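Structure file structure_14.cif (mmCIF, C-alpha atoms and all ligand atoms) follows.
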```cif
data_query
loop_
_atom_site.label_atom_id
_atom_site.label_comp_id
_atom_site.auth_asym_id
_atom_site.auth_seq_id
_atom_site.Cartn_x
_atom_site.Cartn_y
_atom_site.Cartn_z
CA MET A 15 47.48 -7.97 53.57
CA SER A 16 48.03 -8.25 57.34
CA SER A 17 47.88 -11.67 58.95
CA ASN A 18 47.63 -10.13 62.44
CA SER A 19 44.24 -11.13 63.81
CA TYR A 20 44.38 -8.36 66.45
CA VAL A 21 44.12 -5.70 63.73
CA THR A 22 40.56 -4.46 63.32
CA SER A 23 38.86 -5.85 60.25
CA LYS A 24 38.49 -2.24 59.05
CA LEU A 25 42.27 -2.01 58.57
CA ARG A 26 43.32 -5.58 57.92
CA GLU A 27 43.40 -5.31 54.14
CA PHE A 28 45.73 -2.30 54.20
CA GLY A 29 48.74 -4.04 55.79
CA THR A 30 51.91 -1.95 56.19
CA THR A 31 52.21 1.23 54.15
CA ILE A 32 54.41 0.80 51.09
CA PHE A 33 56.53 3.80 52.15
CA ALA A 34 57.66 2.08 55.35
CA GLU A 35 58.37 -1.15 53.47
CA MET A 36 60.35 0.42 50.64
CA SER A 37 62.30 2.94 52.75
CA ALA A 38 63.33 0.11 55.10
CA LEU A 39 64.48 -1.86 52.06
CA ALA A 40 66.53 1.14 50.88
CA VAL A 41 68.28 1.42 54.26
CA GLU A 42 68.87 -2.33 54.44
CA THR A 43 70.38 -2.57 50.94
CA GLY A 44 72.05 0.86 50.66
CA ALA A 45 70.01 1.47 47.50
CA VAL A 46 69.27 4.95 46.10
CA ASN A 47 65.80 5.69 47.49
CA LEU A 48 63.55 6.97 44.70
CA GLY A 49 60.58 5.38 46.51
CA GLN A 50 59.18 7.50 49.33
CA GLY A 51 58.57 11.09 48.32
CA PHE A 52 60.87 13.13 50.51
CA PRO A 53 63.71 15.41 49.41
CA ASP A 54 67.25 14.34 50.34
CA TYR A 55 68.15 18.04 50.76
CA ASP A 56 67.05 20.81 53.10
CA GLY A 57 64.58 23.64 52.70
CA PRO A 58 65.19 27.41 52.71
CA HIS A 59 67.44 28.70 55.52
CA GLU A 60 64.89 31.36 56.56
CA VAL A 61 62.44 28.58 57.40
CA LEU A 62 65.00 26.37 59.17
CA ASP A 63 66.39 29.33 61.16
CA SER A 64 62.92 30.35 62.23
CA ALA A 65 62.25 26.88 63.70
CA VAL A 66 65.56 26.98 65.59
CA ASP A 67 64.69 30.47 66.91
CA ALA A 68 61.23 29.26 67.98
CA ILE A 69 62.75 26.34 69.90
CA ARG A 70 65.41 28.54 71.52
CA SER A 71 62.87 31.20 72.46
CA GLY A 72 60.74 28.70 74.36
CA GLN A 73 57.87 28.05 71.92
CA ASN A 74 57.87 24.40 72.91
CA GLN A 75 54.49 23.83 74.53
CA TYR A 76 51.05 23.07 73.09
CA PRO A 77 50.06 25.63 70.48
CA PRO A 78 46.37 26.74 70.45
CA GLY A 79 43.89 24.08 69.22
CA PRO A 80 43.17 25.71 65.83
CA GLY A 81 46.89 26.44 65.30
CA MET A 82 49.09 29.47 66.00
CA PRO A 83 47.53 32.74 64.81
CA VAL A 84 50.72 33.68 62.93
CA LEU A 85 50.42 30.52 60.81
CA ARG A 86 46.65 30.74 60.30
CA GLU A 87 47.16 34.32 59.08
CA ALA A 88 50.02 33.24 56.79
CA VAL A 89 47.90 30.40 55.35
CA ALA A 90 45.01 32.81 54.65
CA GLU A 91 47.40 35.30 53.03
CA HIS A 92 48.91 32.51 50.92
CA GLN A 93 45.49 31.34 49.67
CA ALA A 94 44.63 34.92 48.66
CA ARG A 95 48.04 35.65 47.13
CA PHE A 96 48.38 32.53 44.99
CA TRP A 97 44.83 31.35 44.32
CA GLY A 98 42.62 34.39 44.95
CA LEU A 99 40.73 32.55 47.70
CA SER A 100 39.75 34.51 50.79
CA TYR A 101 39.50 32.81 54.21
CA ASP A 102 39.06 34.20 57.72
CA PRO A 103 42.14 33.03 59.65
CA ASP A 104 40.15 32.79 62.89
CA THR A 105 37.22 30.67 61.75
CA GLU A 106 38.09 29.24 58.32
CA VAL A 107 41.64 27.89 58.79
CA LEU A 108 42.65 24.87 60.88
CA ILE A 109 46.27 23.77 61.38
CA THR A 110 46.83 19.99 61.42
CA ALA A 111 49.59 17.40 61.80
CA GLY A 112 50.38 17.39 58.09
CA ALA A 113 47.91 16.89 55.27
CA THR A 114 47.57 13.31 56.50
CA GLU A 115 45.78 14.39 59.65
CA ALA A 116 43.82 17.00 57.72
CA LEU A 117 42.46 14.24 55.47
CA ALA A 118 41.68 11.99 58.43
CA ALA A 119 39.94 14.83 60.28
CA CYS A 120 37.77 15.69 57.26
CA LEU A 121 36.74 12.08 56.71
CA LEU A 122 36.19 11.24 60.40
CA GLY A 123 34.43 14.54 61.03
CA LEU A 124 32.09 14.44 58.03
CA LEU A 125 31.20 10.82 57.21
CA GLU A 126 28.38 8.75 58.67
CA THR A 127 28.78 4.98 58.63
CA GLY A 128 27.99 3.73 55.13
CA ASP A 129 28.51 7.11 53.46
CA GLU A 130 30.36 6.88 50.16
CA VAL A 131 33.40 8.79 48.98
CA VAL A 132 34.04 9.10 45.24
CA LEU A 133 37.72 9.57 44.51
CA LEU A 134 40.24 9.42 41.72
CA GLU A 135 42.30 6.24 41.43
CA PRO A 136 45.22 5.53 41.72
CA MET A 137 44.98 7.20 45.12
CA TYR A 138 47.34 8.18 47.89
CA ASP A 139 47.34 5.25 50.27
CA SER A 140 45.94 6.95 53.38
CA TYR A 141 42.66 7.83 51.61
CA GLN A 142 41.17 4.37 51.57
CA ALA A 143 42.41 3.50 55.06
CA CYS A 144 40.94 6.71 56.53
CA ILE A 145 37.63 6.20 54.71
CA ALA A 146 37.53 2.69 56.22
CA MET A 147 38.35 4.01 59.72
CA ALA A 148 35.53 6.52 59.34
CA GLY A 149 33.11 3.69 58.44
CA GLY A 150 32.75 4.98 54.89
CA VAL A 151 32.93 3.24 51.52
CA ALA A 152 35.43 4.22 48.81
CA ARG A 153 34.15 4.46 45.21
CA PRO A 154 37.24 4.90 43.02
CA VAL A 155 37.12 6.26 39.47
CA THR A 156 40.20 5.18 37.52
CA LEU A 157 42.58 7.58 35.76
CA ARG A 158 44.36 5.81 32.91
CA PRO A 159 47.67 6.46 31.13
CA PRO A 160 48.94 8.03 28.97
CA ASP A 161 47.09 11.26 29.85
CA TYR A 162 45.37 10.16 33.07
CA GLY A 163 42.05 11.81 32.32
CA PHE A 164 38.84 10.44 33.83
CA ASP A 165 35.77 9.21 32.03
CA THR A 166 32.83 11.46 32.89
CA ASP A 167 30.31 8.64 32.52
CA GLU A 168 32.30 6.47 34.93
CA LEU A 169 32.43 9.36 37.37
CA ARG A 170 28.71 9.97 37.06
CA ALA A 171 27.99 6.27 37.58
CA ALA A 172 30.15 6.16 40.74
CA ILE A 173 27.97 8.79 42.45
CA THR A 174 24.98 7.32 44.28
CA ASP A 175 22.44 8.54 46.81
CA ARG A 176 24.91 7.54 49.54
CA THR A 177 27.76 9.68 48.18
CA ARG A 178 28.71 12.42 50.64
CA ILE A 179 32.23 13.41 49.61
CA LEU A 180 34.11 13.88 46.36
CA LEU A 181 37.83 13.58 47.20
CA VAL A 182 40.02 15.26 44.62
CA ASN A 183 43.82 15.37 44.45
CA SER A 184 45.53 17.68 41.98
CA PRO A 185 48.44 17.79 41.28
CA HIS A 186 47.90 14.08 41.64
CA ASN A 187 50.02 11.49 43.41
CA PRO A 188 51.18 9.11 41.92
CA THR A 189 50.38 10.05 38.29
CA GLY A 190 51.57 13.69 38.28
CA LYS A 191 48.31 14.69 36.57
CA VAL A 192 47.19 18.31 37.00
CA LEU A 193 43.45 18.56 36.40
CA ASP A 194 42.68 21.18 33.74
CA ASP A 195 39.86 23.73 33.84
CA GLU A 196 37.47 21.53 31.88
CA GLN A 197 38.01 18.54 34.17
CA LEU A 198 37.66 20.73 37.26
CA ARG A 199 34.43 22.16 35.82
CA THR A 200 33.03 18.67 35.28
CA LEU A 201 33.84 17.70 38.87
CA ALA A 202 32.39 20.97 40.19
CA GLU A 203 29.16 20.63 38.19
CA LEU A 204 28.64 17.12 39.51
CA ALA A 205 29.41 18.18 43.08
CA ILE A 206 26.81 20.94 42.84
CA GLU A 207 24.22 18.81 41.04
CA ARG A 208 24.53 15.98 43.60
CA ASP A 209 25.13 18.29 46.58
CA LEU A 210 28.49 16.77 47.54
CA ILE A 211 31.16 18.09 49.87
CA VAL A 212 34.52 18.29 48.11
CA VAL A 213 37.78 17.51 49.89
CA SER A 214 40.63 18.84 47.74
CA ASP A 215 44.15 17.60 48.51
CA GLU A 216 46.50 20.23 47.08
CA VAL A 217 49.81 19.36 48.78
CA TYR A 218 51.67 19.65 45.45
CA GLU A 219 50.07 23.03 44.61
CA HIS A 220 53.44 24.70 43.89
CA LEU A 221 55.04 21.77 42.06
CA THR A 222 53.85 22.09 38.47
CA TYR A 223 55.97 22.05 35.30
CA ASP A 224 56.14 23.16 31.65
CA GLY A 225 53.97 26.22 32.36
CA VAL A 226 51.04 24.11 33.64
CA GLN A 227 49.29 25.96 36.48
CA HIS A 228 47.55 24.49 39.48
CA ARG A 229 44.02 25.68 40.06
CA SER A 230 42.04 24.94 43.21
CA ILE A 231 38.57 23.52 42.60
CA ALA A 232 37.41 25.90 45.36
CA THR A 233 37.88 28.81 42.91
CA LEU A 234 35.09 27.59 40.59
CA PRO A 235 31.66 29.20 40.90
CA GLY A 236 29.63 27.70 43.74
CA MET A 237 32.55 25.64 45.03
CA ARG A 238 34.17 27.63 47.85
CA GLU A 239 31.17 27.00 50.10
CA ARG A 240 31.31 23.21 49.69
CA THR A 241 35.08 22.61 49.54
CA LEU A 242 37.70 21.82 52.18
CA VAL A 243 41.09 22.70 50.70
CA ILE A 244 43.97 20.74 52.23
CA SER A 245 47.68 21.42 51.95
CA SER A 246 50.87 21.26 53.99
CA GLY A 247 54.36 22.71 54.24
CA GLY A 248 56.23 19.44 53.68
CA LYS A 249 56.56 19.55 49.91
CA THR A 250 56.74 23.31 49.46
CA PHE A 251 59.56 23.82 51.99
CA ASN A 252 61.33 20.44 51.88
CA THR A 253 60.28 19.77 55.46
CA THR A 254 58.26 16.56 55.18
CA GLY A 255 59.26 15.51 58.71
CA TRP A 256 57.73 18.60 60.34
CA LYS A 257 54.15 17.59 59.56
CA VAL A 258 52.55 21.02 59.42
CA GLY A 259 49.34 20.96 57.39
CA TRP A 260 46.10 22.90 57.13
CA ILE A 261 42.48 22.96 56.05
CA CYS A 262 40.77 26.04 54.57
CA ALA A 263 36.97 25.99 54.31
CA PRO A 264 33.83 27.78 55.45
CA ALA A 265 33.52 27.78 59.25
CA PRO A 266 30.92 24.97 59.61
CA LEU A 267 33.06 22.58 57.53
CA VAL A 268 36.25 23.51 59.41
CA SER A 269 34.36 23.01 62.64
CA ALA A 270 33.31 19.49 61.59
CA ALA A 271 36.94 18.59 60.82
CA ARG A 272 38.08 20.18 64.10
CA SER A 273 35.60 17.98 66.02
CA ALA A 274 37.65 14.96 64.92
CA LYS A 275 41.09 16.61 64.91
CA GLN A 276 40.87 17.66 68.58
CA PHE A 277 40.76 13.98 69.55
CA LEU A 278 43.45 12.82 67.12
CA THR A 279 46.57 14.86 67.94
CA TYR A 280 44.77 17.85 69.52
CA VAL A 281 47.77 19.96 68.41
CA SER A 282 51.23 19.33 66.95
CA SER A 283 54.52 20.75 65.61
CA GLY A 284 54.60 23.85 67.94
CA PRO A 285 57.92 25.47 66.94
CA PHE A 286 57.52 24.46 63.30
CA GLN A 287 54.28 26.41 62.90
CA PRO A 288 55.85 29.93 62.96
CA ALA A 289 58.62 28.60 60.70
CA ILE A 290 56.15 27.46 58.03
CA ALA A 291 54.48 30.89 58.34
CA VAL A 292 57.84 32.43 57.35
CA GLY A 293 58.01 30.06 54.37
CA LEU A 294 54.52 30.92 53.15
CA ARG A 295 55.54 34.59 53.07
CA LEU A 296 58.71 34.06 51.01
CA PRO A 297 58.88 36.02 47.74
CA ASP A 298 57.41 34.62 44.51
CA SER A 299 60.91 33.77 43.28
CA TYR A 300 61.22 31.08 45.97
CA PHE A 301 58.15 29.26 44.64
CA THR A 302 59.10 29.56 40.96
CA ASP A 303 62.70 28.45 41.63
CA LEU A 304 61.42 25.44 43.59
CA ALA A 305 59.34 24.30 40.61
CA SER A 306 62.02 24.95 38.00
CA ASP A 307 64.61 23.04 40.03
CA LEU A 308 62.24 20.08 40.33
CA GLN A 309 61.44 20.30 36.62
CA SER A 310 65.15 19.85 35.80
CA LYS A 311 65.29 16.87 38.15
CA ARG A 312 62.18 15.41 36.53
CA ASP A 313 63.70 15.83 33.06
CA GLN A 314 66.96 14.21 34.10
CA LEU A 315 65.18 11.23 35.62
CA MET A 316 62.73 10.83 32.72
CA SER A 317 65.56 10.80 30.23
CA GLY A 318 67.45 8.19 32.27
CA LEU A 319 64.33 6.03 32.59
CA ARG A 320 63.74 6.18 28.84
CA THR A 321 67.35 5.25 28.14
CA ALA A 322 66.99 2.33 30.55
CA GLY A 323 64.12 1.12 28.35
CA PHE A 324 60.96 2.05 30.27
CA GLU A 325 57.86 3.61 28.76
CA VAL A 326 57.61 6.90 30.65
CA PHE A 327 54.43 8.93 31.33
CA PRO A 328 55.57 12.54 31.80
CA PRO A 329 54.05 14.15 34.92
CA GLN A 330 52.77 17.74 34.86
CA GLY A 331 53.36 18.12 38.57
CA THR A 332 54.33 16.49 41.92
CA TYR A 333 57.50 14.65 42.92
CA PHE A 334 56.82 11.54 40.83
CA VAL A 335 57.14 9.94 37.42
CA THR A 336 55.34 6.71 36.52
CA VAL A 337 56.67 4.12 34.07
CA ASP A 338 55.32 0.99 32.44
CA ILE A 339 57.85 -1.78 33.22
CA ARG A 340 56.70 -4.26 30.60
CA ALA A 341 59.43 -3.45 28.07
CA ILE A 342 61.93 -4.61 30.70
CA ASP A 343 59.86 -7.15 32.60
CA PRO A 344 57.31 -8.70 30.23
CA GLU A 345 55.40 -10.24 33.16
CA GLY A 346 54.68 -6.72 34.34
CA ASP A 347 54.43 -7.44 38.06
CA GLY A 348 55.34 -4.05 39.53
CA TYR A 349 55.35 -5.24 43.14
CA ALA A 350 57.77 -8.10 42.44
CA PHE A 351 59.85 -5.74 40.30
CA CYS A 352 60.16 -3.18 43.13
CA ARG A 353 60.97 -5.82 45.74
CA ALA A 354 63.76 -7.18 43.51
CA LEU A 355 65.09 -3.85 42.21
CA PRO A 356 67.39 -2.94 45.16
CA LYS A 357 69.27 -6.24 44.85
CA ARG A 358 69.11 -6.21 41.07
CA CYS A 359 70.59 -2.74 40.62
CA GLY A 360 70.58 -0.73 43.88
CA VAL A 361 67.52 1.48 43.34
CA VAL A 362 64.23 1.67 45.26
CA ALA A 363 60.91 2.59 43.59
CA VAL A 364 57.24 2.13 44.54
CA PRO A 365 54.73 -0.15 42.77
CA ASN A 366 51.66 1.85 41.73
CA VAL A 367 49.46 -1.20 42.32
CA VAL A 368 49.24 -0.24 46.01
CA PHE A 369 47.39 2.94 45.01
CA TYR A 370 44.51 0.99 43.43
CA ASP A 371 41.42 -0.55 44.97
CA ARG A 372 41.73 -4.31 45.44
CA GLU A 373 39.28 -4.95 42.61
CA HIS A 374 41.12 -2.68 40.18
CA ARG A 375 44.64 -3.92 40.78
CA HIS A 376 45.04 -5.03 37.16
CA GLU A 377 44.91 -1.34 36.15
CA GLY A 378 48.17 -0.56 37.95
CA GLN A 379 49.89 -3.93 38.06
CA HIS A 380 52.62 -3.00 35.54
CA LEU A 381 53.20 0.58 36.67
CA VAL A 382 56.02 1.77 38.92
CA ARG A 383 56.64 5.20 40.47
CA PHE A 384 60.03 6.89 40.82
CA ALA A 385 60.52 10.05 42.94
CA PHE A 386 62.70 12.87 41.56
CA CYS A 387 62.75 15.10 44.66
CA LYS A 388 66.35 14.04 45.16
CA ARG A 389 69.77 15.66 44.66
CA MET A 390 70.90 15.62 41.02
CA THR A 391 73.79 13.38 42.13
CA SER A 392 71.31 10.86 43.59
CA ILE A 393 69.29 10.92 40.35
CA ASP A 394 72.44 10.49 38.24
CA GLU A 395 73.57 7.59 40.39
CA ALA A 396 70.15 5.92 40.12
CA VAL A 397 70.06 6.44 36.34
CA GLU A 398 73.53 4.93 36.01
CA ARG A 399 72.45 1.89 38.05
CA LEU A 400 69.21 1.48 36.08
CA SER A 401 70.98 1.74 32.72
CA GLY A 402 72.17 -1.87 32.79
CA LEU A 403 68.77 -3.34 33.70
CA ARG A 404 67.85 -4.68 30.29
CA THR A 405 71.18 -6.43 29.78
CA ARG A 406 71.39 -7.73 33.37
CA GLY A 407 67.99 -9.41 33.10
CA GLY A 408 65.84 -10.58 35.97
CA SER A 409 68.28 -12.08 38.46
N1 LIG B 501 48.39 13.84 50.14
C1 LIG B 501 49.21 13.44 49.15
C2 LIG B 501 48.66 13.34 47.77
C3 LIG B 501 50.53 13.10 49.42
O1 LIG B 501 51.33 12.69 48.45
C4 LIG B 501 51.00 13.19 50.74
C5 LIG B 501 52.40 12.75 51.03
N2 LIG B 501 53.12 13.65 51.61
C6 LIG B 501 50.11 13.64 51.73
C7 LIG B 501 48.82 13.94 51.40
C8 LIG B 501 50.54 13.76 53.15
O2 LIG B 501 51.12 14.98 53.43
P1 LIG B 501 51.81 15.29 54.83
O3 LIG B 501 53.19 14.76 54.77
O4 LIG B 501 51.74 16.77 54.95
O5 LIG B 501 51.01 14.61 55.88
N1 LIG B 502 53.64 11.33 50.12
C1 LIG B 502 54.86 10.62 50.08
C2 LIG B 502 54.83 9.67 48.91
O1 LIG B 502 53.82 9.47 48.26
C3 LIG B 502 55.19 9.82 51.32
C4 LIG B 502 54.27 9.92 52.46
C5 LIG B 502 54.43 8.84 53.47
O2 LIG B 502 55.51 8.37 53.72
N2 LIG B 502 53.35 8.44 54.06
O3 LIG B 502 55.85 9.09 48.66
#
```

As a first step, turn the structure in this file into structure tokens.
Amino acid sequence: MSSNSYVTSKLREFGTTIFAEMSALAVETGAVNLGQGFPDYDGPHEVLDSAVDAIRSGQNQYPPGPGMPVLREAVAEHQARFWGLSYDPDTEVLITAGATEALAACLLGLLETGDEVVLLEPMYDSYQACIAMAGGVARPVTLRPPDYGFDTDELRAAITDRTRILLVNSPHNPTGKVLDDEQLRTLAELAIERDLIVVSDEVYEHLTYDGVQHRSIATLPGMRERTLVISSGGKTFNTTGWKVGWICAPAPLVSAARSAKQFLTYVSSGPFQPAIAVGLRLPDSYFTDLASDLQSKRDQLMSGLRTAGFEVFPPQGTYFVTVDIRAIDPEGDGYAFCRALPKRCGVVAVPNVVFYDREHRHEGQHLVRFAFCKRMTSIDEAVERLSGLRTRGGS
């Protein structure tokens, strides 16, 4: 909670993002940072080289408002190649400053004051803040461990006459849940029945494990025309600092998002746009190797967390694994646990409680998220440090 009275009341309750707080703590204490979800290794050389070439060849000025044609074409090709979705690169694709701006542009461009957004909780922290900035109201539906399914009756009850948007995120941060066909069908049926626009955050689309496949909700019958699909290059190419994202949707929906986006950043990431286009056109083996490498990292971290004494909820996708801390800390205060962890054993994690609505905090109080998008040596070091937690106690 922010005590700064200059901050607009719309944003006061959101304070400082947990990622800034925990990454600063990692730097300050020299802890292994398994908090913020960014890889501590680089992406494919073809992609990095392409950005260097773009900078050296003078592509350093404002790109076109909708994004560079080469990237819009690569995004459209990627959607067709991986998910069988066809978009016109000129009218149905918009390049944004990461998925974060894509989400903000959709919410600011589509919501009227008082409109409601139904979304799955726990939720990525920018969702609620952007809904608030857009004058909307968040209506979270809670996903609960161990399998993180949703209750269809709860979902149905959350939808009212004021609901305008259903905001879906799969693979889901922080739980690692990948919605299956039946769950997607339930969401789609409700969206059609209640005439909702769907915003689908698919930034972890290529990061799924154990043979689980991502499916975009836009592929279900009747859904392409009402869905804005959002993704970005950060996770897929280990370039989270480049902030190249996109929206794919029918032209009128893209146009609504563009109305807001043009007054946010207007454009961004000039030389990184052609580089992400190169990445999106890499062979299939790149994408499968990326997932299998992350799966090994996930397995290594999960096994270390279990040995350390946590109850672990295996994720089907994303960068993250969630644990219940109560076997180690009976009080189960995840925030206090994460604040103390760097000093206690030199590891940073993120308390899941920050991903819950204020009224539902009890649901995530005892849950903590660890990121495994880190070098195996970083994971091994973290596991080693965590292994003495139970014996070292709470000091
Ligand atoms: N959505 C989810 C679910 C995320 O985890 C993140 C974090 N990267 C984003 C959106 C933001 O993506 P970007 O870095 O491309 O802005
Ligand atoms: N998406 C990343 C995470 O959940 C971090 C994004 C950010 O720093 N805002 O850790």

Neighbours of point (50.9, 33.0, 59.8) within 12 Å, using only C-alpha atoms, written as an NGL selection string: :A and (81-93 or 103-104 or 107-109 or 260 or 286-296)

Give me the residues within 10 Å of Asp343 (chain A) as a compact mmCIF listing (two decimals) with C-alpha atoms, in the coordinates of the input, counting all atoms listed in the file and dropping any in the same chain fewer than 3 places off.
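Produced file selection.txt, reproduced below:
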```txt
# COMPACT_ATOMS: atom_id res chain seq x y z
CA PHE A 324 60.96 2.05 30.27
CA ASP A 338 55.32 0.99 32.44
CA ILE A 339 57.85 -1.78 33.22
CA ARG A 340 56.70 -4.26 30.60
CA GLY A 346 54.68 -6.72 34.34
CA ASP A 347 54.43 -7.44 38.06
CA GLY A 348 55.34 -4.05 39.53
CA PHE A 351 59.85 -5.74 40.30
CA HIS A 380 52.62 -3.00 35.54
CA LEU A 403 68.77 -3.34 33.70
CA ARG A 404 67.85 -4.68 30.29
CA GLY A 407 67.99 -9.41 33.10
CA GLY A 408 65.84 -10.58 35.97
```

Residues up to 7 Å from ligand LIG 501 (chain B), counting only C-alpha atoms and all ligand atoms: could you list those as JSON, numbers by chain? {"A": [51, 111, 112, 113, 114, 115, 138, 183, 186, 187, 215, 217, 245, 246, 247, 248, 254, 257, 258, 259]}

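Taking CA of Val268 (chain A) and CA of Leu201 (chain A) as the two end points, the separation is 21.5 Å.
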
Hey, could you make a per-residue contact list for region 44-137 of chain A against region 144-162 of chain A with 12 Å as the cut-off, showing the nearest pair of atoms and its distance in Å to one decimal, counting all atoms listed in the file, sorted by chain and number, as a tab-separated table?
```
residue	atom	partner	partner_atom	distance
A:Thr114	CA	A:Cys144	CA	9.4
A:Glu115	CA	A:Cys144	CA	9.6
A:Ala116	CA	A:Cys144	CA	10.8
A:Leu117	CA	A:Cys144	CA	7.8
A:Ala118	CA	A:Cys144	CA	5.7
A:Ala119	CA	A:Cys144	CA	9.0
A:Cys120	CA	A:Cys144	CA	9.6
A:Leu121	CA	A:Ala148	CA	6.3
A:Leu122	CA	A:Ala148	CA	4.9
A:Gly123	CA	A:Ala148	CA	8.3
A:Leu124	CA	A:Ala148	CA	8.7
A:Leu125	CA	A:Ala148	CA	6.5
A:Glu126	CA	A:Gly150	CA	6.9
A:Thr127	CA	A:Gly149	CA	4.5
A:Gly128	CA	A:Gly150	CA	4.9
A:Asp129	CA	A:Gly150	CA	5.0
A:Glu130	CA	A:Val151	CA	4.7
A:Val131	CA	A:Ala152	CA	5.0
A:Val132	CA	A:Arg153	CA	4.6
A:Leu133	CA	A:Pro154	CA	4.9
A:Leu134	CA	A:Val155	CA	5.0
A:Glu135	CA	A:Thr156	CA	4.6
A:Pro136	CA	A:Thr156	CA	6.6
A:Met137	CA	A:Pro154	CA	8.3
```

Report, as lines of an AutoDock Vina configuration file, the centre and edge lengths in Å (one decimal) of the axis-aligned box enclosing every listed atom of region 337-350 of chain A, padded by 8 Å on each side.
```
center_x = 58.2
center_y = -3.1
center_z = 35.6
size_x = 23.5
size_y = 30.4
size_z = 31.1
```

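Counting all atoms listed in the file and comparing A:Ala385, A:Ile231, A:Leu400, A:Leu267, the residue that lies closest to ligand LIG 502 (chain B) is A:Ala385.
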
CA of Ile244 (chain A) to CA of Glu219 (chain A), straight-line distance in Å: 10.0 Å

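With only C-alpha atoms and all ligand atoms as the atoms that count, the residue of A:Pro297, A:Gly225, A:Pro188, A:Gly163 with the shortest distance to ligand LIG 502 (chain B) is A:Pro188.
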
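Comparing A:Pro80, A:Pro356, A:Pro344, A:Gly49 by their smallest distance to ligand LIG 502 (chain B), the closest is A:Gly49 (using only C-alpha atoms and all ligand atoms).
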
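Taking CA of Pro329 (chain A) as the reference point, CA of Thr189 (chain A) is found at 6.5 Å.
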
Can you tell me which residues surround Phe386 (chain A) at a distance of at most 12 Å, considering all atoms listed in the file, apart from same-chain residues fewer than 6 positions away, and format the answer as a PyMOL selection string? chain A and resi 46-55+190+221+305+307-319+329+331-336+362-363+392-394+396-397

Across A:Ser230, A:Gln197, A:Ser37, A:Ser64, the smallest distance to ligand LIG 502 (chain B), with only C-alpha atoms and all ligand atoms counted, is shown by A:Ser37

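In this comparison, which uses all atoms listed in the file, the residue of A:Val226, A:Val41, A:Val61, A:Ala143 approaching Asp195 (chain A) most closely is A:Val226.
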
Using all atoms listed in the file, can you tell me which of A:Arg70, A:Arg353, A:Arg26, A:Lys249 comes closest to ligand LIG 502 (chain B)? A:Lys249

Residue neighbourhood Tyr349 (chain A), 9 Å, all atoms listed in the file, exclusion window fewer than 3 positions, as a CSV table (one decimal) with C-alpha atoms, keeping the file's coordinate frame:
```csv
chain,number,residue,atom,x,y,z
A,346,GLY,CA,54.7,-6.7,34.3
A,352,CYS,CA,60.2,-3.2,43.1
A,353,ARG,CA,61.0,-5.8,45.7
A,354,ALA,CA,63.8,-7.2,43.5
A,364,VAL,CA,57.2,2.1,44.5
A,365,PRO,CA,54.7,-0.2,42.8
A,366,ASN,CA,51.7,1.8,41.7
A,367,VAL,CA,49.5,-1.2,42.3
A,368,VAL,CA,49.2,-0.2,46.0
A,379,GLN,CA,49.9,-3.9,38.1
A,380,HIS,CA,52.6,-3.0,35.5
A,381,LEU,CA,53.2,0.6,36.7
A,382,VAL,CA,56.0,1.8,38.9
```

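Residue neighbourhood of Pro264 (chain A), excluding near-sequence residues (fewer than 6 positions): Tyr101, Asp102, Thr105, Glu106, Val107, Arg238, Glu239, Arg240, Thr241 and Leu242 of chain A, at 10 Å, using only C-alpha atoms.
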
Those residues with C-alpha atoms, as a CSV table (one decimal), keeping the file's coordinate frame please?
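To be explicit, this is the file written out as part.csv:
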```
chain,number,residue,atom,x,y,z
A,101,TYR,CA,39.5,32.8,54.2
A,102,ASP,CA,39.1,34.2,57.7
A,105,THR,CA,37.2,30.7,61.8
A,106,GLU,CA,38.1,29.2,58.3
A,107,VAL,CA,41.6,27.9,58.8
A,238,ARG,CA,34.2,27.6,47.8
A,239,GLU,CA,31.2,27.0,50.1
A,240,ARG,CA,31.3,23.2,49.7
A,241,THR,CA,35.1,22.6,49.5
A,242,LEU,CA,37.7,21.8,52.2
```

Fill-in result for region 279-283 of chain A, N, CA, C and O atoms as an mmCIF file, in the frame of the given file:
```
data_model
loop_
_atom_site.group_PDB
_atom_site.id
_atom_site.type_symbol
_atom_site.label_atom_id
_atom_site.label_comp_id
_atom_site.auth_asym_id
_atom_site.auth_seq_id
_atom_site.Cartn_x
_atom_site.Cartn_y
_atom_site.Cartn_z
ATOM 1 N N THR A 279 45.333 14.370 67.313
ATOM 2 C CA THR A 279 46.570 14.860 67.940
ATOM 3 C C THR A 279 46.308 15.995 68.922
ATOM 4 O O THR A 279 47.200 16.399 69.643
ATOM 5 N N TYR A 280 45.093 16.573 68.903
ATOM 6 C CA TYR A 280 44.770 17.850 69.520
ATOM 7 C C TYR A 280 45.594 18.946 68.852
ATOM 8 O O TYR A 280 45.072 19.732 68.079
ATOM 9 N N VAL A 281 46.909 18.983 69.101
ATOM 10 C CA VAL A 281 47.770 19.960 68.410
ATOM 11 C C VAL A 281 49.103 19.264 68.088
ATOM 12 O O VAL A 281 49.361 18.180 68.584
ATOM 13 N N SER A 282 49.932 19.937 67.281
ATOM 14 C CA SER A 282 51.230 19.330 66.950
ATOM 15 C C SER A 282 52.204 20.396 66.451
ATOM 16 O O SER A 282 51.792 21.521 66.140
ATOM 17 N N SER A 283 53.482 19.992 66.349
ATOM 18 C CA SER A 283 54.520 20.750 65.610
ATOM 19 C C SER A 283 54.707 22.190 66.073
ATOM 20 O O SER A 283 55.026 23.058 65.250
#
```
